[in-house]
file input30.txt (compact mmCIF, C-alpha atoms)
# COMPACT_ATOMS: atom_id res chain seq x y z
CA MET A 1 80.39 149.24 102.26
CA GLY A 2 83.50 148.77 100.12
CA LYS A 3 85.04 145.32 100.09
CA PRO A 4 84.22 143.61 103.40
CA VAL A 5 87.07 141.74 105.09
CA ILE A 6 85.65 139.07 107.39
CA PHE A 7 87.54 136.94 109.92
CA PHE A 8 86.01 133.61 110.95
CA SER A 9 86.90 131.54 113.99
CA THR A 10 85.89 127.99 114.94
CA CYS A 11 87.69 124.98 116.38
CA GLU A 12 84.86 122.50 115.81
CA PHE A 13 83.92 120.20 112.93
CA SER A 14 80.33 121.42 113.26
CA GLY A 15 81.50 125.04 113.17
CA ASP A 16 83.44 124.31 110.00
CA MET A 17 80.29 122.82 108.45
CA HIS A 18 78.15 125.84 109.37
CA GLY A 19 80.90 128.29 108.44
CA GLU A 20 81.05 126.87 104.92
CA VAL A 21 77.36 127.66 104.36
CA LEU A 22 77.58 131.10 105.94
CA ILE A 23 80.53 132.10 103.74
CA LYS A 24 78.59 131.04 100.64
CA GLU A 25 75.54 133.05 101.71
CA ILE A 26 77.62 136.17 102.42
CA ARG A 27 79.34 135.81 99.05
CA LYS A 28 75.94 135.73 97.29
CA LYS A 29 75.12 139.12 98.81
CA ALA A 30 78.63 140.60 98.70
CA PRO A 31 80.68 138.88 95.95
CA GLU A 32 83.62 141.20 96.61
CA ALA A 33 83.97 140.11 100.27
CA SER A 34 87.18 138.38 101.37
CA PHE A 35 87.47 135.83 104.15
CA TYR A 36 90.32 134.56 106.29
CA GLY A 37 90.60 132.92 109.66
CA ILE A 38 90.63 129.80 111.80
CA GLY A 39 88.52 126.81 110.79
CA GLY A 40 88.57 123.68 108.70
CA SER A 41 88.74 122.29 105.19
CA ARG A 42 85.10 122.98 104.35
CA MET A 43 85.47 126.70 105.02
CA ALA A 44 88.67 126.71 102.99
CA GLU A 45 86.84 125.08 100.07
CA ALA A 46 84.17 127.79 100.34
CA GLY A 47 86.84 130.44 99.75
CA MET A 48 88.27 131.28 103.18
CA GLU A 49 92.03 131.70 103.51
CA LEU A 50 92.80 129.19 106.23
CA LEU A 51 95.40 130.38 108.75
CA PHE A 52 95.15 127.31 110.95
CA ASP A 53 92.95 124.21 111.23
CA PRO A 54 92.39 123.30 114.90
CA THR A 55 89.40 121.01 114.24
CA SER A 56 91.54 117.91 114.87
CA LEU A 57 92.20 119.26 118.40
CA SER A 58 88.49 119.54 119.16
CA THR A 59 87.90 118.29 122.70
CA LEU A 60 85.04 117.58 125.06
CA GLY A 61 85.27 118.68 128.69
CA PHE A 62 87.31 121.14 130.76
CA VAL A 63 90.22 118.86 131.63
CA GLU A 64 90.48 117.52 128.10
CA ALA A 65 90.69 121.08 126.72
CA VAL A 66 93.51 122.04 129.10
CA LYS A 67 95.84 119.71 127.21
CA ASN A 68 95.62 122.02 124.20
CA ILE A 69 95.46 125.37 126.01
CA ARG A 70 99.05 126.41 125.23
CA ARG A 71 98.59 125.69 121.56
CA LEU A 72 95.32 127.61 121.45
CA LYS A 73 96.77 130.62 123.30
CA LYS A 74 99.58 130.69 120.75
CA LEU A 75 96.92 130.63 118.05
CA ILE A 76 95.26 133.71 119.57
CA GLY A 77 98.60 135.50 119.28
CA THR A 78 98.82 134.47 115.63
CA ALA A 79 95.32 135.82 114.96
CA VAL A 80 96.07 139.17 116.62
CA ALA A 81 99.26 139.52 114.59
CA GLU A 82 97.26 138.95 111.40
CA TRP A 83 94.64 141.52 112.43
CA LYS A 84 97.39 144.12 112.76
CA LYS A 85 98.55 143.38 109.20
CA ARG A 86 95.07 143.34 107.65
CA ARG A 87 92.38 144.55 109.99
CA PRO A 88 89.04 142.74 109.49
CA ASP A 89 85.78 144.66 109.41
CA ILE A 90 84.18 142.05 111.62
CA ILE A 91 84.95 138.77 113.40
CA ILE A 92 82.48 135.89 113.23
CA TRP A 93 82.67 133.46 116.12
CA LEU A 94 81.15 130.01 115.54
CA ASP A 95 80.97 127.79 118.64
CA SER A 96 84.24 126.93 120.52
CA TRP A 97 83.30 129.37 123.27
CA GLY A 98 86.35 128.75 125.51
CA PHE A 99 88.74 129.78 122.75
CA ASN A 100 86.56 132.41 121.11
CA LEU A 101 85.70 134.22 124.33
CA LEU A 102 89.44 134.86 124.75
CA LEU A 103 89.76 135.83 121.10
CA ALA A 104 86.86 138.27 121.49
CA LYS A 105 88.67 139.95 124.39
CA GLU A 106 91.61 140.72 122.10
CA ALA A 107 89.23 141.97 119.40
CA GLN A 108 87.57 144.25 121.96
CA LYS A 109 90.95 145.82 122.79
CA MET A 110 91.44 146.61 119.10
CA GLY A 111 87.90 147.88 118.58
CA ILE A 112 86.98 145.15 116.10
CA PRO A 113 83.28 144.15 116.32
CA VAL A 114 82.52 140.51 117.07
CA VAL A 115 79.40 138.58 116.05
CA CYS A 116 78.75 135.31 117.86
CA MET A 117 76.74 132.39 116.50
CA PHE A 118 76.42 129.22 118.65
CA SER A 119 76.97 130.85 122.03
CA PRO A 120 78.26 129.32 125.28
CA SER A 121 75.63 127.59 127.44
CA ALA A 122 75.49 130.40 129.96
CA TRP A 123 71.84 129.63 130.81
CA ALA A 124 73.06 126.27 132.16
CA TYR A 125 76.41 127.19 133.69
CA GLY A 126 75.93 130.52 135.40
CA GLN A 127 75.90 134.16 134.35
CA GLY A 128 79.64 134.83 134.25
CA ARG A 129 79.93 133.89 130.60
CA ALA A 130 76.92 136.00 129.66
CA LYS A 131 78.47 139.08 131.32
CA LYS A 132 81.71 138.55 129.41
CA MET A 133 79.68 138.10 126.24
CA ALA A 134 77.97 141.45 126.86
CA GLU A 135 81.37 143.14 127.21
CA ARG A 136 83.04 141.54 124.18
CA VAL A 137 80.36 140.73 121.61
CA ARG A 138 78.58 143.30 119.43
CA MET A 139 75.79 140.99 118.26
CA LEU A 140 74.54 137.47 118.98
CA LEU A 141 72.81 135.37 116.33
CA ALA A 142 70.66 133.07 118.46
CA VAL A 143 69.96 129.56 117.14
CA PHE A 144 67.65 128.47 119.98
CA PRO A 145 64.50 130.34 121.06
CA PHE A 146 65.37 130.22 124.79
CA GLU A 147 68.91 131.46 124.04
CA ALA A 148 67.65 134.81 122.71
CA ASP A 149 65.47 135.48 125.76
CA PHE A 150 68.31 134.69 128.16
CA TYR A 151 71.01 136.86 126.58
CA ARG A 152 68.79 139.91 126.07
CA LYS A 153 68.66 140.24 129.85
CA PHE A 154 72.35 141.15 129.76
CA GLY A 155 71.98 143.93 127.23
CA ILE A 156 73.36 142.02 124.24
CA GLU A 157 71.92 142.81 120.80
CA VAL A 158 70.30 139.49 119.91
CA HIS A 159 68.64 138.32 116.70
CA SER A 160 66.88 134.95 116.51
CA VAL A 161 67.86 133.32 113.22
CA GLY A 162 66.98 129.67 113.88
CA TYR A 163 69.17 126.59 113.73
CA PRO A 164 70.90 126.10 110.34
CA LEU A 165 70.46 122.33 110.34
CA ILE A 166 66.83 122.95 109.36
CA ASP A 167 68.14 123.81 105.87
CA ARG A 168 70.53 120.91 105.37
CA VAL A 169 69.13 117.85 107.16
CA LYS A 170 67.34 115.97 104.40
CA ASN A 171 67.33 112.30 103.43
CA GLU A 172 67.95 111.42 99.80
CA PHE A 173 66.18 108.04 99.83
CA GLU A 174 62.76 107.09 101.19
CA PRO A 175 63.12 104.99 104.35
CA GLU A 176 61.77 101.77 102.79
CA GLU A 177 64.04 102.09 99.78
CA TYR A 178 67.06 102.63 102.02
CA ARG A 179 66.16 99.66 104.21
CA LYS A 180 66.04 97.50 101.09
CA GLN A 181 69.49 98.76 100.11
CA LEU A 182 70.77 97.58 103.49
CA GLY A 183 69.16 94.18 102.96
CA LEU A 184 66.88 94.34 105.99
CA ARG A 185 64.51 91.43 106.51
CA SER A 186 60.87 92.15 107.29
CA ASN A 187 61.20 91.23 110.99
CA GLN A 188 64.49 93.04 111.48
CA LYS A 189 64.90 96.40 113.25
CA LEU A 190 67.39 99.02 112.09
CA VAL A 191 69.43 100.91 114.70
CA ALA A 192 71.87 103.76 114.05
CA LEU A 193 74.92 104.02 116.33
CA LEU A 194 76.51 107.49 116.41
CA PRO A 195 79.41 107.54 118.91
CA GLY A 196 80.60 111.03 117.90
CA SER A 197 83.27 112.56 115.69
CA ARG A 198 85.95 113.01 118.34
CA ARG A 199 88.36 110.16 119.07
CA GLN A 200 87.88 110.55 122.83
CA GLU A 201 84.10 110.18 122.45
CA ILE A 202 84.45 107.01 120.39
CA LEU A 203 86.88 105.42 122.84
CA ARG A 204 84.45 106.09 125.69
CA LEU A 205 81.11 105.42 124.05
CA LEU A 206 81.37 102.84 121.29
CA GLY A 207 82.12 99.99 123.71
CA PRO A 208 78.95 100.50 125.80
CA MET A 209 76.93 100.90 122.58
CA LEU A 210 78.16 97.55 121.29
CA GLU A 211 77.65 95.94 124.69
CA ALA A 212 74.00 97.07 124.49
CA ALA A 213 73.80 95.66 120.96
CA THR A 214 75.11 92.32 122.25
CA ILE A 215 72.37 92.22 124.89
CA ILE A 216 69.57 93.10 122.47
CA ASP A 217 70.81 90.63 119.84
CA GLN A 218 69.99 87.83 122.28
CA ALA A 219 66.28 88.71 122.13
CA GLN A 220 65.58 90.11 118.65
CA GLU A 221 67.00 90.63 115.19
CA VAL A 222 68.62 94.01 114.64
CA LYS A 223 70.88 95.45 111.97
CA TRP A 224 73.40 97.78 113.59
CA VAL A 225 74.81 100.52 111.37
CA LEU A 226 77.46 103.10 112.23
CA PRO A 227 77.90 106.06 109.82
CA LYS A 228 81.60 106.92 109.98
CA ALA A 229 82.43 110.63 110.14
CA ALA A 230 85.20 111.81 107.80
CA SER A 231 87.37 112.67 110.81
CA VAL A 232 87.20 109.14 112.24
CA ASN A 233 89.69 106.35 111.57
CA ARG A 234 87.90 103.25 110.22
CA GLU A 235 90.56 100.83 111.52
CA GLU A 236 90.08 102.14 115.04
CA LEU A 237 86.32 101.57 114.80
CA GLU A 238 86.84 98.06 113.46
CA LYS A 239 89.34 97.24 116.22
CA ILE A 240 86.77 98.13 118.90
CA ALA A 241 83.94 96.34 117.04
CA ARG A 242 85.90 93.08 116.85
CA GLN A 243 85.74 92.82 120.66
CA TYR A 244 81.96 92.29 120.53
CA PRO A 245 79.89 89.53 118.85
CA VAL A 246 77.84 92.07 116.88
CA ASP A 247 77.31 92.27 113.14
CA LEU A 248 78.14 95.96 112.80
CA VAL A 249 77.98 97.66 109.40
CA ILE A 250 80.29 100.69 109.15
CA ARG A 251 79.34 103.08 106.34
CA ASP A 252 81.12 106.17 105.10
CA GLY A 253 78.76 109.00 106.01
CA ASP A 254 75.20 108.59 104.72
CA VAL A 255 73.97 109.58 108.17
CA TYR A 256 70.75 111.35 107.08
CA ASN A 257 69.46 108.43 105.02
CA LEU A 258 70.25 106.11 107.91
CA LEU A 259 68.55 108.22 110.59
CA ALA A 260 65.44 108.72 108.47
CA ALA A 261 65.11 104.95 107.97
CA ALA A 262 66.11 103.79 111.46
CA ASP A 263 63.69 102.40 114.03
CA GLY A 264 65.91 103.88 116.72
CA GLY A 265 69.35 105.26 117.50
CA VAL A 266 71.99 105.55 120.19
CA ILE A 267 73.66 108.94 119.85
CA ALA A 268 76.51 110.80 121.53
CA SER A 269 75.34 114.19 122.77
CA GLY A 270 76.08 116.88 120.22
CA THR A 271 74.92 118.08 116.82
CA ALA A 272 73.77 114.57 115.88
CA THR A 273 70.96 114.67 118.45
CA LEU A 274 69.37 117.59 116.61
CA GLU A 275 69.93 115.91 113.24
CA ALA A 276 68.12 112.84 114.56
CA ALA A 277 65.29 115.01 115.88
CA LEU A 278 64.83 116.73 112.51
CA LEU A 279 64.62 113.31 110.83
CA ASN A 280 62.13 112.12 113.48
CA THR A 281 64.34 109.31 114.82
CA PRO A 282 63.53 108.02 118.34
CA SER A 283 66.88 107.76 120.12
CA VAL A 284 68.80 107.30 123.35
CA VAL A 285 71.38 110.02 124.07
CA ILE A 286 74.60 109.25 125.93
CA TYR A 287 77.28 111.58 127.29
CA GLN A 288 80.53 110.99 129.12
CA VAL A 289 83.56 113.15 129.91
CA SER A 290 86.27 112.72 132.55
CA LYS A 291 85.07 112.66 136.16
CA LEU A 292 86.91 115.88 136.93
CA SER A 293 85.39 117.69 133.94
CA PHE A 294 81.91 116.58 134.95
CA PHE A 295 82.56 117.69 138.55
CA ILE A 296 83.50 121.15 137.26
CA TYR A 297 80.38 121.28 135.07
CA ARG A 298 78.22 120.46 138.09
CA ARG A 299 79.92 123.09 140.24
CA LEU A 300 79.35 125.77 137.60
CA ALA A 301 75.80 124.74 136.74
CA SER A 302 72.77 126.85 137.58
CA ALA A 303 70.38 125.55 140.25
CA GLN A 304 68.07 124.06 137.62
CA PHE A 305 70.89 122.16 135.92
CA LYS A 306 72.42 121.01 139.21
CA LYS A 307 69.09 119.34 139.95
CA GLU A 308 68.91 117.62 136.56
CA MET A 309 71.54 118.14 133.90
CA THR A 310 70.24 118.18 130.35
CA VAL A 311 72.64 117.80 127.42
CA ALA A 312 70.59 116.92 124.33
CA SER A 313 69.56 119.93 122.21
CA PRO A 314 66.05 118.57 121.45
CA ASN A 315 65.39 118.28 125.19
CA LEU A 316 66.64 121.83 125.80
CA ILE A 317 64.47 123.20 122.98
CA LEU A 318 61.35 121.39 124.16
CA GLY A 319 61.98 122.17 127.83
CA ARG A 320 61.51 118.55 128.84
CA LYS A 321 62.90 115.11 128.04
CA VAL A 322 61.88 113.80 124.65
CA TYR A 323 65.09 111.74 124.37
CA PRO A 324 66.18 109.67 127.37
CA GLU A 325 69.67 110.71 128.50
CA LEU A 326 72.37 108.59 130.12
CA LEU A 327 75.22 110.60 131.63
CA GLN A 328 78.61 109.59 132.99
CA GLU A 329 78.55 106.36 135.05
CA LYS A 330 75.03 105.60 133.78
CA VAL A 331 76.49 105.01 130.32
CA THR A 332 76.52 101.20 130.47
CA GLY A 333 75.49 98.52 128.02
CA VAL A 334 72.70 97.38 130.32
CA ASN A 335 71.24 100.88 130.70
CA ILE A 336 71.47 101.67 127.00
CA ALA A 337 69.85 98.35 126.12
CA GLY A 338 67.00 98.98 128.57
CA HIS A 339 66.06 102.32 127.01
CA LEU A 340 66.64 101.13 123.46
CA LYS A 341 64.36 98.12 123.94
CA SER A 342 61.56 100.52 124.88
CA VAL A 343 62.27 102.66 121.80
CA LEU A 344 62.21 99.62 119.51
CA ASN A 345 59.38 97.60 121.01
CA ASP A 346 56.98 99.93 122.85
CA GLU A 347 54.88 101.29 119.98
CA SER A 348 53.06 103.84 122.14
CA TYR A 349 56.34 105.21 123.52
CA ASN A 350 57.87 105.32 120.05
CA ARG A 351 54.90 107.26 118.65
CA GLN A 352 55.03 109.77 121.53
CA ILE A 353 58.71 110.47 120.88
CA ARG A 354 57.98 111.07 117.20
CA ARG A 355 55.12 113.46 118.05
CA ASP A 356 57.41 115.44 120.38
CA LEU A 357 60.15 115.58 117.76
CA LYS A 358 57.73 117.23 115.32
CA ILE A 359 57.18 119.96 117.92
CA VAL A 360 60.96 120.39 118.25
CA ARG A 361 61.20 120.90 114.50
CA GLU A 362 58.49 123.60 114.61
CA LEU A 363 60.26 125.41 117.47
CA ILE A 364 63.58 125.54 115.60
CA GLY A 365 62.10 128.00 113.13
CA PRO A 366 61.70 128.36 109.37
CA PRO A 367 64.32 127.58 106.69
CA GLY A 368 66.71 130.24 105.37
CA VAL A 369 68.79 130.52 108.56
CA MET A 370 72.20 131.34 107.07
CA GLU A 371 70.65 133.74 104.56
CA ARG A 372 69.19 135.68 107.49
CA ALA A 373 72.52 135.52 109.35
CA ALA A 374 74.43 136.79 106.31
CA SER A 375 72.08 139.77 105.93
CA LEU A 376 72.53 140.74 109.60
CA ILE A 377 76.32 140.44 109.40
CA LEU A 378 76.56 142.64 106.31
CA LYS A 379 74.18 145.16 107.84
CA GLU A 380 76.45 145.32 110.90
CA ILE A 381 79.53 145.92 108.72
CA ALA A 382 77.72 148.72 106.87
CA LYS A 383 76.96 150.68 110.07
call {"tool": "encode", "arguments": {"input": "input30.txt", "output": "structure tokens"}}
result
Amino acid sequence: MGKPVIFFSTCEFSGDMHGEVLIKEIRKKAPEASFYGIGGSRMAEAGMELLFDPTSLSTLGFVEAVKNIRRLKKLIGTAVAEWKKRRPDIIIWLDSWGFNLLLAKEAQKMGIPVVCMFSPSAWAYGQGRAKKMAERVRMLLAVFPFEADFYRKFGIEVHSVGYPLIDRVKNEFEPEEYRKQLGLRSNQKLVALLPGSRRQEILRLLGPMLEAATIIDQAQEVKWVLPKAASVNREELEKIARQYPVDLVIRDGDVYNLLAAADGGVIASGTATLEAALLNTPSVVIYQVSKLSFFIYRRLASAQFKKEMTVASPNLILGRKVYPELLQEKVTGVNIAGHLKSVLNDESYNRQIRRDLKIVRELIGPPGVMERAASLILKEIAK
């Protein structure tokens, strides 16, 4: 095999997190491998030469992404120029499908194989993306069971590896011990608020979350805790929180201990919904992008998703709603409070959610995801 040269590409915080683990697993099997590419600080710390860090530009929605399109197109040119100087043996695409689908087109022109992990949601938004994937991607590492079945129909080489969160989502403290650390009283509920890691998400979603908290505080005692992501500005969170009469505790990280101990959560759609599912946390999922972006999503959606859009990964995996979802104009304090009251106070409903979440965990697959992915990538390079 020689000394593998591997190019990584992601524009997402979550992709940076997964890329870090994948680099470490590849290095265990091929210590002589070298890595360079587009990603974030975690991948750089794992040993990747970082050409550019676009994770701060990470956006949600079509219209929102357009604002950065010129910058990202320029970045594609930078990547191609680097490939000409030092040609990689393979390109690993992690999420960020809009950018990476364009990058894969350039790789195809140069005959460089591309492996995709965390594919675009073509099963939800039509077959056009899947056809482009078949043209530009050598191999797909599927993280969801339904994803593999869908893409195989288009002639893509697909391997089901499972979702890598299964290996990393673990709480350090037992729930009761953690609740004591937070100073919870015996009659007090614990609710986790996760408004996302993008600034635009927080500006849209934290207000309605705190409005819901204000409503619920009038009827019962709750401790509200928000685990701050490293990418989020604490002062901005505190500025929004001061507008509501809610005793909100903002903690630096510690999200897994919090979710494992919480009676319920309100979570922005994204990776956190799956983290909550793996920790068996009954939650309400909320999602909001610009009206124009949502209109475009609906126009592109398959018939099934036009009828009822589904955004939370646990719901997609299970094939039905385990988490209630509030989308767009339905994201209001009143609506969130209504669903959250059921989560907190309806014991039968709460137990049913927890039973369904255990099924979700089983469907995700066994541990060792990135080890399997690393083996497949190195096997592809050796062909």
call {"tool": "atom_distance", "arguments": {"input": "input30.txt", "atom1": "CA of Ala260 (chain A)", "atom2": "CA of Gly183 (chain A)"}}
result
16.0 Å
call {"tool": "residues_around", "arguments": {"input": "input30.txt", "residues": "region 83-91 of chain A", "least_positions_apart": "3", "cutoff": "9 Å", "atoms": "all atoms listed in the file", "output": "list of chain:residue names"}}
result
A:Pro4, A:Val5, A:Ile6, A:Phe7, A:Phe8, A:Ser9, A:Phe35, A:Tyr36, A:Gly37, A:Thr78, A:Ala79, A:Val80, A:Ala104, A:Ala107, A:Met110, A:Ile112, A:Pro113, A:Val114, A:Val115, A:Cys116, A:Ile377, A:Glu380, A:Ile381
call {"tool": "atom_distance", "arguments": {"input": "input30.txt", "atom1": "CA of Gly368 (chain A)", "atom2": "CA of Arg320 (chain A)"}}
result
26.7 Å
call {"tool": "closest_residue", "arguments": {"input": "input30.txt", "among": "A:Gln108, A:Gln243, A:Ser197, A:Gln188", "to": "Lys228 (chain A)", "atoms": "all atoms listed in the file"}}
result
A:Ser197
call {"tool": "atom_distance", "arguments": {"input": "input30.txt", "atom1": "CA of Val369 (chain A)", "atom2": "CA of Pro164 (chain A)"}}
result
5.2 Å
call {"tool": "closest_residue", "arguments": {"input": "input30.txt", "among": "A:Leu51, A:Leu182, A:Leu259, A:Val222", "to": "Leu344 (chain A)", "atoms": "all atoms listed in the file"}}
result
A:Val222
call {"tool": "residues_around", "arguments": {"input": "input30.txt", "residues": "Gly47 (chain A)", "least_positions_apart": "3", "cutoff": "8 Å", "atoms": "only C-alpha atoms", "output": "mmCIF file with C-alpha atoms, in the coordinates of the input"}}
result
data_model
loop_
_atom_site.group_PDB
_atom_site.id
_atom_site.type_symbol
_atom_site.label_atom_id
_atom_site.label_comp_id
_atom_site.auth_asym_id
_atom_site.auth_seq_id
_atom_site.Cartn_x
_atom_site.Cartn_y
_atom_site.Cartn_z
ATOM 1 C CA ILE A 23 80.530 132.100 103.740
ATOM 2 C CA PHE A 35 87.470 135.830 104.150
ATOM 3 C CA MET A 43 85.470 126.700 105.020
ATOM 4 C CA ALA A 44 88.670 126.710 102.990
#
call {"tool": "closest_residue", "arguments": {"input": "input30.txt", "among": "A:Val158, A:Leu340, A:Met17, A:Leu363", "to": "Leu318 (chain A)", "atoms": "only C-alpha atoms"}}
result
A:Leu363
call {"tool": "closest_atom_pairs", "arguments": {"input": "input30.txt", "of": "region 157-215 of chain A", "to": "region 251-254 of chain A", "cutoff": "12 Å", "atoms": "all atoms listed in the file", "output": "Markdown table"}}
result
| residue | atom | partner | partner_atom | distance |
| --- | --- | --- | --- | --- |
| A:Val169 | CA | A:Asp254 | CA | 11.3 |
| A:Lys170 | CA | A:Asp254 | CA | 10.8 |
| A:Asn171 | CA | A:Asp254 | CA | 8.8 |
| A:Glu172 | CA | A:Asp254 | CA | 9.2 |
| A:Phe173 | CA | A:Asp254 | CA | 10.3 |
| A:Tyr178 | CA | A:Asp254 | CA | 10.4 |
| A:Leu182 | CA | A:Arg251 | CA | 10.6 |
| A:Ala192 | CA | A:Arg251 | CA | 10.8 |
| A:Leu193 | CA | A:Arg251 | CA | 11.0 |
| A:Leu194 | CA | A:Gly253 | CA | 10.7 |
| A:Ser197 | CA | A:Gly253 | CA | 11.3 |
call {"tool": "residues_around", "arguments": {"input": "input30.txt", "residues": "Thr214 (chain A)", "least_positions_apart": "5", "cutoff": "9 Å", "atoms": "all atoms listed in the file", "output": "list of chain:residue names"}}
result
A:Met209, A:Tyr244, A:Pro245, A:Val246, A:Gly333, A:Ala337
call {"tool": "closest_residue", "arguments": {"input": "input30.txt", "among": "A:Thr273, A:Gln328, A:Ser348, A:Asn315", "to": "Arg204 (chain A)", "atoms": "only C-alpha atoms"}}
result
A:Gln328
call {"tool": "closest_residue", "arguments": {"input": "input30.txt", "among": "A:Ala130, A:Pro145, A:Asp95, A:Ser160", "to": "Met370 (chain A)", "atoms": "all atoms listed in the file"}}
result
A:Ser160
call {"tool": "closest_residue", "arguments": {"input": "input30.txt", "among": "A:Val191, A:Ile353, A:Leu94, A:Ile26", "to": "Phe13 (chain A)", "atoms": "only C-alpha atoms"}}
result
A:Leu94
call {"tool": "residues_around", "arguments": {"input": "input30.txt", "residues": "Leu327 (chain A)", "least_positions_apart": "6", "cutoff": "10 Å", "atoms": "only C-alpha atoms", "output": "ChimeraX atom specification"}}
result
/A:269,285-289,294,309-311
call {"tool": "write_last_selection", "arguments": {"input": "input30.txt", "atoms": "C-alpha atoms", "output": "short mmCIF file (atom, residue, chain, number, x, y, z; two decimals), in the coordinates of the input"}}
result
data_model
loop_
_atom_site.label_atom_id
_atom_site.label_comp_id
_atom_site.auth_asym_id
_atom_site.auth_seq_id
_atom_site.Cartn_x
_atom_site.Cartn_y
_atom_site.Cartn_z
CA SER A 269 75.34 114.19 122.77
CA VAL A 285 71.38 110.02 124.07
CA ILE A 286 74.60 109.25 125.93
CA TYR A 287 77.28 111.58 127.29
CA GLN A 288 80.53 110.99 129.12
CA VAL A 289 83.56 113.15 129.91
CA PHE A 294 81.91 116.58 134.95
CA MET A 309 71.54 118.14 133.90
CA THR A 310 70.24 118.18 130.35
CA VAL A 311 72.64 117.80 127.42
#
call {"tool": "decode", "arguments": {"input": "input30.txt", "residues": "region 133-147 of chain A", "atoms": "N, CA and C atoms", "output": "mmCIF file, in the first residue's frame"}}
result
data_model
loop_
_atom_site.group_PDB
_atom_site.id
_atom_site.type_symbol
_atom_site.label_atom_id
_atom_site.label_comp_id
_atom_site.auth_asym_id
_atom_site.auth_seq_id
_atom_site.Cartn_x
_atom_site.Cartn_y
_atom_site.Cartn_z
ATOM 1 N N MET A 133 -24.493 11.159 -6.645
ATOM 2 C CA MET A 133 -23.637 10.357 -5.762
ATOM 3 C C MET A 133 -23.084 9.153 -6.521
ATOM 4 N N ALA A 134 -23.949 8.481 -7.278
ATOM 5 C CA ALA A 134 -23.538 7.287 -8.019
ATOM 6 C C ALA A 134 -22.455 7.618 -9.037
ATOM 7 N N GLU A 135 -22.501 8.822 -9.598
ATOM 8 C CA GLU A 135 -21.516 9.237 -10.597
ATOM 9 C C GLU A 135 -20.174 9.613 -9.960
ATOM 10 N N ARG A 136 -20.235 10.183 -8.739
ATOM 11 C CA ARG A 136 -19.038 10.838 -8.186
ATOM 12 C C ARG A 136 -18.406 10.129 -6.999
ATOM 13 N N VAL A 137 -19.109 9.167 -6.407
ATOM 14 C CA VAL A 137 -18.625 8.547 -5.177
ATOM 15 C C VAL A 137 -18.302 7.073 -5.419
ATOM 16 N N ARG A 138 -17.107 6.645 -5.012
ATOM 17 C CA ARG A 138 -16.693 5.258 -5.188
ATOM 18 C C ARG A 138 -17.372 4.342 -4.169
ATOM 19 N N MET A 139 -17.511 4.832 -2.932
ATOM 20 C CA MET A 139 -18.053 3.969 -1.872
ATOM 21 C C MET A 139 -18.777 4.818 -0.838
ATOM 22 N N LEU A 140 -19.886 4.304 -0.342
ATOM 23 C CA LEU A 140 -20.658 4.984 0.703
ATOM 24 C C LEU A 140 -20.614 4.151 1.974
ATOM 25 N N LEU A 141 -20.233 4.784 3.078
ATOM 26 C CA LEU A 141 -20.281 4.146 4.385
ATOM 27 C C LEU A 141 -21.577 4.591 5.049
ATOM 28 N N ALA A 142 -22.570 3.710 5.064
ATOM 29 C CA ALA A 142 -23.905 4.069 5.534
ATOM 30 C C ALA A 142 -23.985 4.008 7.057
ATOM 31 N N VAL A 143 -24.532 5.051 7.667
ATOM 32 C CA VAL A 143 -24.656 5.099 9.124
ATOM 33 C C VAL A 143 -26.056 4.719 9.596
ATOM 34 N N PHE A 144 -27.044 4.775 8.678
ATOM 35 C CA PHE A 144 -28.406 4.379 9.013
ATOM 36 C C PHE A 144 -28.791 3.151 8.211
ATOM 37 N N PRO A 145 -29.573 2.237 8.782
ATOM 38 C CA PRO A 145 -29.952 1.021 8.044
ATOM 39 C C PRO A 145 -30.750 1.316 6.776
ATOM 40 N N PHE A 146 -31.677 2.269 6.814
ATOM 41 C CA PHE A 146 -32.504 2.577 5.638
ATOM 42 C C PHE A 146 -31.677 3.264 4.548
ATOM 43 N N GLU A 147 -30.610 3.944 4.933
ATOM 44 C CA GLU A 147 -29.737 4.650 3.993
ATOM 45 C C GLU A 147 -29.075 3.669 3.029
#
